[in-house]
file my_file25.cif (mmCIF, C-alpha atoms)
data_data
#
loop_
_atom_site.label_atom_id
_atom_site.label_comp_id
_atom_site.auth_asym_id
_atom_site.auth_seq_id
_atom_site.Cartn_x
_atom_site.Cartn_y
_atom_site.Cartn_z
CA MET M 24 161.60 22.16 -56.08
CA PRO M 25 160.12 18.88 -57.04
CA ALA M 26 160.14 17.83 -53.40
CA GLU M 27 158.40 21.01 -52.33
CA ASP M 28 155.83 20.63 -55.11
CA GLU M 29 155.19 17.13 -54.02
CA GLU M 30 154.69 18.19 -50.43
CA LEU M 31 152.41 21.01 -51.50
CA LYS M 32 150.48 18.58 -53.59
CA GLU M 33 150.12 16.18 -50.68
CA GLU M 34 148.89 19.00 -48.47
CA GLN M 35 146.34 19.99 -51.08
CA GLU M 36 145.20 16.38 -51.31
CA LYS M 37 144.88 16.23 -47.55
CA GLU M 38 142.96 19.50 -47.56
CA LYS M 39 140.62 18.18 -50.22
CA SER M 40 140.21 14.98 -48.28
CA LYS M 41 139.32 16.94 -45.13
CA LYS M 42 136.85 19.07 -47.03
CA ALA M 43 135.27 15.97 -48.57
CA LYS M 44 134.97 14.33 -45.17
CA LYS M 45 133.51 17.51 -43.73
CA ASN M 46 131.02 17.80 -46.55
CA LYS M 47 130.10 14.19 -46.11
CA ALA M 48 129.64 14.69 -42.36
CA ASP M 49 127.54 17.79 -42.99
CA LYS M 50 125.37 15.90 -45.44
CA ALA M 51 125.00 13.06 -42.96
CA ASN M 52 123.98 15.48 -40.20
CA SER M 53 121.54 17.24 -42.52
CA GLN M 54 120.06 13.92 -43.59
CA SER M 55 119.76 12.88 -39.96
CA GLU M 56 117.96 16.14 -39.08
CA ASP M 57 115.60 15.68 -42.04
CA ASP M 58 114.86 12.13 -40.94
CA ASP M 59 114.16 13.35 -37.40
CA ASP M 60 111.83 16.06 -38.70
CA GLU M 61 110.07 13.56 -40.94
CA LYS M 62 109.70 11.10 -38.05
CA GLU M 63 108.33 13.87 -35.82
CA SER M 64 105.85 14.95 -38.52
CA VAL M 65 104.62 11.38 -39.00
CA GLY M 66 104.24 10.94 -35.23
CA SER M 67 102.18 14.14 -35.00
CA LYS M 68 99.94 12.98 -37.81
CA ILE M 69 99.43 9.60 -36.21
CA LEU M 70 98.61 11.22 -32.87
CA LEU M 71 96.14 13.59 -34.53
CA ILE M 72 94.46 10.70 -36.32
CA PHE M 73 94.30 8.69 -33.09
CA VAL M 74 92.77 11.59 -31.15
CA THR M 75 90.26 12.16 -33.95
CA LEU M 76 89.30 8.50 -33.97
CA VAL M 77 88.89 8.53 -30.18
CA ILE M 78 86.63 11.59 -30.37
CA ILE M 79 84.57 10.01 -33.15
CA ALA M 80 84.30 6.77 -31.15
CA ILE M 81 83.11 8.73 -28.09
CA TRP M 82 80.45 10.54 -30.12
CA ILE M 83 79.35 7.29 -31.74
CA GLY M 84 79.06 5.75 -28.28
CA ILE M 85 77.02 8.69 -27.00
CA PHE M 86 74.81 8.60 -30.08
CA GLY M 87 74.35 4.84 -29.64
CA ILE M 88 73.31 5.29 -25.99
CA LEU M 89 70.79 7.99 -26.97
CA ILE M 90 69.36 5.67 -29.62
CA LYS M 91 69.26 2.64 -27.29
CA PHE M 92 67.40 4.54 -24.58
CA ASP M 93 65.18 6.16 -27.22
CA VAL M 94 65.80 9.71 -26.04
CA GLY M 95 63.29 11.99 -27.77
CA GLY M 96 61.76 9.00 -29.55
CA PHE M 97 64.29 9.31 -32.40
CA GLY M 98 65.37 5.69 -32.19
CA SER M 99 61.90 4.15 -32.18
CA THR M 100 60.17 6.47 -34.64
CA VAL M 101 62.93 7.27 -37.17
CA LEU M 102 65.77 4.73 -37.04
CA HIS M 103 63.84 1.61 -36.03
CA PRO M 104 61.77 1.40 -39.25
CA LEU M 105 64.96 1.97 -41.33
CA LEU M 106 67.50 -0.24 -39.53
CA LYS M 107 65.39 -2.94 -37.85
CA ASP M 108 66.34 -5.51 -40.52
CA VAL M 109 70.09 -4.64 -40.68
CA PRO M 110 72.18 -7.25 -38.79
CA VAL M 111 74.46 -6.08 -35.95
CA VAL M 112 73.38 -2.46 -36.43
CA ASN M 113 69.87 -3.23 -35.22
CA LYS M 114 71.34 -4.27 -31.86
CA ILE M 115 71.67 -0.62 -30.85
CA LEU M 116 68.02 0.08 -31.63
CA PRO M 117 65.56 0.42 -28.71
CA ASP M 118 63.12 -2.35 -27.95
CA VAL M 119 59.87 -1.37 -29.64
CA GLN M 120 56.64 -3.30 -29.12
CA LEU M 121 54.30 -2.80 -32.01
CA THR M 122 50.77 -2.77 -30.62
CA GLU M 123 48.96 -1.18 -33.52
CA SER M 124 48.14 -3.42 -36.44
CA THR M 125 48.37 -2.18 -39.98
CA GLU M 126 45.32 -1.76 -42.15
CA ALA M 127 46.33 -4.86 -44.09
CA ASP M 128 46.52 -6.95 -40.91
CA LYS M 129 43.31 -5.48 -39.53
CA TYR M 130 41.27 -6.30 -42.58
CA ALA M 131 43.05 -9.46 -43.75
CA PHE M 132 40.65 -12.17 -44.85
CA ASP M 133 41.38 -15.67 -46.06
CA SER M 134 38.36 -15.79 -48.32
CA LEU M 135 35.63 -13.69 -49.87
CA ASP M 136 33.05 -15.35 -47.60
CA GLU M 137 34.88 -14.10 -44.51
CA ALA M 138 34.96 -10.57 -45.91
CA THR M 139 31.24 -10.77 -46.76
CA ALA M 140 30.38 -12.06 -43.29
CA TYR M 141 32.40 -9.26 -41.72
CA ILE M 142 30.59 -6.66 -43.84
CA LYS M 143 27.20 -8.11 -42.86
CA ASP M 144 28.18 -7.97 -39.20
CA LEU M 145 29.14 -4.32 -39.58
CA GLU M 146 25.82 -3.63 -41.29
CA LYS M 147 23.99 -5.24 -38.34
CA GLN M 148 25.96 -3.11 -35.88
CA LEU M 149 25.17 0.01 -37.92
CA ALA M 150 21.45 -0.85 -38.06
CA SER M 151 21.40 -1.49 -34.30
CA ALA M 152 23.12 1.84 -33.63
CA GLN M 153 20.70 3.67 -35.93
CA LYS M 154 17.72 2.00 -34.21
CA LYS M 155 19.04 2.98 -30.80
CA ASN M 156 19.54 6.55 -31.97
CA SER M 157 15.96 6.58 -33.26
CA GLU M 158 14.64 5.23 -29.96
CA ASP M 159 16.68 7.77 -28.02
CA ALA M 160 15.35 10.56 -30.22
CA SER M 161 11.78 9.33 -29.66
CA GLU M 162 12.33 9.17 -25.90
CA ILE M 163 13.77 12.67 -25.92
CA GLU M 164 10.69 13.93 -27.77
CA ASP M 165 8.42 12.20 -25.23
CA LEU M 166 10.33 13.80 -22.36
CA LYS M 167 10.07 17.20 -24.03
CA SER M 168 6.33 16.68 -24.42
CA GLU M 169 5.97 15.70 -20.74
CA LEU M 170 7.99 18.72 -19.67
CA ALA M 171 5.78 20.96 -21.79
CA GLU M 172 2.67 19.38 -20.22
CA LEU M 173 4.10 19.85 -16.73
CA ASP M 174 4.90 23.48 -17.49
CA LYS M 175 1.33 23.89 -18.68
CA LEU M 176 -0.03 22.25 -15.51
CA ARG M 177 2.25 24.37 -13.38
CA GLN M 178 0.98 27.52 -15.06
CA GLU M 179 -2.64 26.39 -14.67
CA GLN M 180 -2.09 25.72 -10.98
CA ALA M 181 -0.47 29.13 -10.56
CA ASP M 182 -3.43 30.74 -12.31
CA PHE M 183 -5.81 28.80 -10.05
CA GLU M 184 -3.97 29.92 -6.92
CA ASN M 185 -4.17 33.53 -8.11
CA LEU M 186 -7.86 33.12 -8.83
CA LYS M 187 -8.48 31.55 -5.41
CA GLN M 188 -6.59 34.33 -3.67
CA LYS M 189 -8.58 36.89 -5.63
CA PHE M 190 -11.84 35.13 -4.62
CA TYR M 191 -10.86 35.21 -0.96
CA GLU M 192 -9.96 38.86 -1.12
CA GLU M 193 -12.99 40.02 -3.14
CA VAL M 194 -15.74 37.70 -1.83
CA VAL M 195 -14.99 35.86 1.39
CA PHE M 196 -13.02 38.53 3.24
CA SER M 197 -14.29 41.64 1.48
CA ASP M 198 -16.35 44.34 3.12
CA GLN M 199 -19.43 43.07 1.24
CA ALA M 200 -19.07 39.50 2.57
CA PRO M 201 -22.02 38.18 4.68
CA ASP M 202 -21.77 38.68 8.40
CA ILE M 203 -21.13 35.58 10.48
CA LYS M 204 -24.47 36.14 12.27
CA GLU M 205 -26.26 35.58 9.02
CA TYR M 206 -24.57 32.16 8.76
CA LYS M 207 -25.78 31.46 12.32
CA THR M 208 -29.34 32.53 11.45
CA TYR M 209 -29.26 30.35 8.36
CA TYR M 210 -28.18 27.23 10.26
CA GLU M 211 -30.85 27.86 12.92
CA SER M 212 -33.56 28.25 10.31
CA ILE M 213 -32.97 24.92 8.58
CA ASP M 214 -34.14 21.51 9.69
CA PRO M 215 -32.37 20.43 12.94
CA ASP M 216 -31.36 17.07 11.55
CA ASN M 217 -29.91 18.67 8.47
CA ALA M 218 -28.27 21.34 10.63
CA GLU M 219 -26.67 18.65 12.77
CA ALA M 220 -25.41 16.78 9.72
CA LEU M 221 -24.08 19.98 8.18
CA TYR M 222 -22.44 20.92 11.47
CA LYS M 223 -20.70 17.55 11.66
CA GLN M 224 -19.54 17.92 8.10
CA VAL M 225 -18.23 21.41 8.83
CA VAL M 226 -16.40 20.20 11.96
CA GLU M 227 -14.91 17.25 10.10
CA GLN M 228 -13.95 19.51 7.24
CA ILE M 229 -12.28 21.96 9.61
CA GLN M 230 -10.34 19.13 11.30
CA GLU M 231 -9.35 17.73 7.94
CA ASP M 232 -8.30 21.16 6.72
CA GLU M 233 -6.15 21.61 9.82
CA GLU M 234 -4.50 18.23 9.25
CA ILE M 235 -3.99 19.00 5.57
CA ALA M 236 -2.48 22.36 6.48
CA GLU M 237 -0.10 20.63 8.90
CA TYR M 238 0.90 18.12 6.23
CA ALA M 239 1.34 20.91 3.73
CA SER M 240 3.59 22.84 6.11
CA ARG M 241 5.64 19.74 6.82
CA TYR M 242 6.14 18.76 3.17
CA SER M 243 6.79 22.36 2.11
CA SER M 244 9.78 22.47 4.45
CA MET M 245 11.23 19.26 2.91
CA ASP M 246 13.44 18.98 -0.15
CA PRO M 247 11.11 18.82 -3.21
CA LYS M 248 12.75 15.61 -4.49
CA LYS M 249 12.32 13.84 -1.13
CA ALA M 250 8.69 15.00 -0.88
CA ALA M 251 8.07 13.85 -4.45
CA ALA M 252 9.54 10.43 -3.64
CA ILE M 253 7.07 10.07 -0.76
CA PHE M 254 4.12 11.11 -2.94
CA ASP M 255 5.27 8.61 -5.62
CA SER M 256 5.35 5.75 -3.11
CA LYS M 257 2.71 3.00 -3.32
CA THR M 258 1.14 4.17 -0.08
CA MET M 259 0.46 7.68 -1.33
CA THR M 260 -0.39 6.81 -4.94
CA GLY M 261 -3.25 4.75 -3.51
CA ASP M 262 -4.83 8.01 -2.29
CA LEU M 263 -3.98 10.65 -4.86
CA LYS M 264 -6.88 12.80 -3.66
CA LEU M 265 -5.07 13.27 -0.34
CA VAL M 266 -1.87 14.14 -2.24
CA ALA M 267 -3.84 16.69 -4.27
CA LYS M 268 -5.31 18.26 -1.11
CA ILE M 269 -1.88 18.56 0.49
CA LEU M 270 -0.39 20.13 -2.62
CA LYS M 271 -3.32 22.55 -2.92
CA ALA M 272 -2.70 23.68 0.65
CA MET M 273 0.91 24.58 -0.18
CA SER M 274 2.24 27.67 -1.83
CA THR M 275 2.33 27.69 -5.62
CA GLN M 276 6.10 27.52 -5.75
CA ALA M 277 6.40 24.64 -3.28
CA SER M 278 3.73 22.50 -4.93
CA SER M 279 5.13 23.23 -8.40
CA ASP M 280 8.63 22.13 -7.37
CA ILE M 281 7.27 18.88 -5.92
CA LEU M 282 5.09 18.18 -8.97
CA ALA M 283 8.07 18.75 -11.26
CA ALA M 284 10.08 16.19 -9.28
CA MET M 285 7.31 13.56 -9.21
CA ASN M 286 6.73 10.76 -11.68
CA ALA M 287 5.14 12.26 -14.80
CA ASP M 288 2.06 9.98 -14.71
CA ASN M 289 1.40 10.58 -11.02
CA ALA M 290 1.94 14.32 -11.42
CA GLY M 291 -0.59 14.39 -14.28
CA LYS M 292 -3.21 12.48 -12.29
CA VAL M 293 -2.77 14.69 -9.22
CA THR M 294 -2.96 17.86 -11.29
CA LYS M 295 -6.16 16.62 -12.89
CA ILE M 296 -7.66 16.07 -9.44
CA MET M 297 -6.53 19.57 -8.38
CA GLU M 298 -8.12 21.15 -11.43
CA PRO M 299 -10.59 23.82 -10.20
#
call {"tool": "encode", "arguments": {"input": "my_file25.cif", "output": "structure tokens"}}
result
Amino acid sequence: MPAEDEELKEEQEKEKSKKAKKNKADKANSQSEDDDDEKESVGSKILLIFVTLVIIAIWIGIFGILIKFDVGGFGSTVLHPLLKDVPVVNKILPDVQLTESTEADKYAFDSLDEATAYIKDLEKQLASAQKKNSEDASEIEDLKSELAELDKLRQEQADFENLKQKFYEEVVFSDQAPDIKEYKTYYESIDPDNAEALYKQVVEQIQEDEEIAEYASRYSSMDPKKAAAIFDSKTMTGDLKLVAKILKAMSTQASSDILAAMNADNAGKVTKIMEP
């Protein structure tokens, strides 16, 4: 019995020893699996952090390129005033050339005398500008007055033309006008010398009228400004009576257009000569 108990006891010890070894091996395997899981989890976290950092770096690079090339003006207008004095960071800022001076730089004076001199200079410029404006206003008023006078002269000439046409219709070419034979009888009844002189004058007048009519037709067909330039020339202003005769031989509209385009002084003199 004691030998059997001893054997049984040894078997139990062996069984316990096996179980202990098995438990130890199981614990070791479990610990190894936990370590593997922990290592895998740490690796995943590191990879995630690395990918995140890469993405952030890419976006920072893109943002830096946009700032450097001043896309949309964000770099020059917003970031440049804020970061221009920050070392290293200001390297990514776009190159900005400041062309506009500040009010302080524009009006910076070293002394009160310089500021006073500058103010006096501005006052002189202001006075000169005001004088010029006054002269311009005066010239404008003179031009308005000349235009009003020309309009008046144009209207007077138009009235004269109407009156002349009415005279021709009612007196010279009317049914009550003298017969041409009566003119013949009249010339025959007067002194021969006087008749000859009057005849020469009439012939000369007719020739002159024909020439004037030809001139009038020629200048009427021209551009009013070109005709006015010719009448304003030294050659024609020396004989304003001839200019007046030519203009009188034209239609009212043609002569008015030319007068309006002529020098105001010459136009006034010619109109005065043409006055009926």
call {"tool": "resolve_selection", "arguments": {"input": "my_file25.cif", "expression": "the PyMOL selection byres ((chain M and resi 239-247) around 7)", "output": "list in words"}}
result
Ile235, Ala236, Glu237, Tyr238, Lys248, Lys249, Ala250, Ala251, Ile269, Leu270, Ala272, Met273, Ala277, Asp280, Ile281 and Ala284 of chain M
call {"tool": "resolve_selection", "arguments": {"input": "my_file25.cif", "expression": "the PyMOL selection byres ((chain M and resi 298) around 12)", "output": "list in words"}}
result
Leu176, Arg177, Gln178, Glu179, Gln180, Ala181, Asp182, Phe183, Glu184, Lys264, Ala267, Lys268, Leu270, Lys271, Gly291, Lys292, Val293, Thr294, Lys295, Ile296, Met297 and Pro299 of chain M
call {"tool": "residues_around", "arguments": {"input": "my_file25.cif", "residues": "Ile88 of chain M", "least_positions_apart": "3", "cutoff": "12 Å", "atoms": "all atoms listed in the file", "output": "NGL selection string"}}
result
:M and (81-85 or 91-94 or 97-98 or 114-117)
call {"tool": "atom_distance", "arguments": {"input": "my_file25.cif", "atom1": "atom CA of Lys154 of chain M", "atom2": "atom CA of Asn286 of chain M"}}
result
26.6 Å
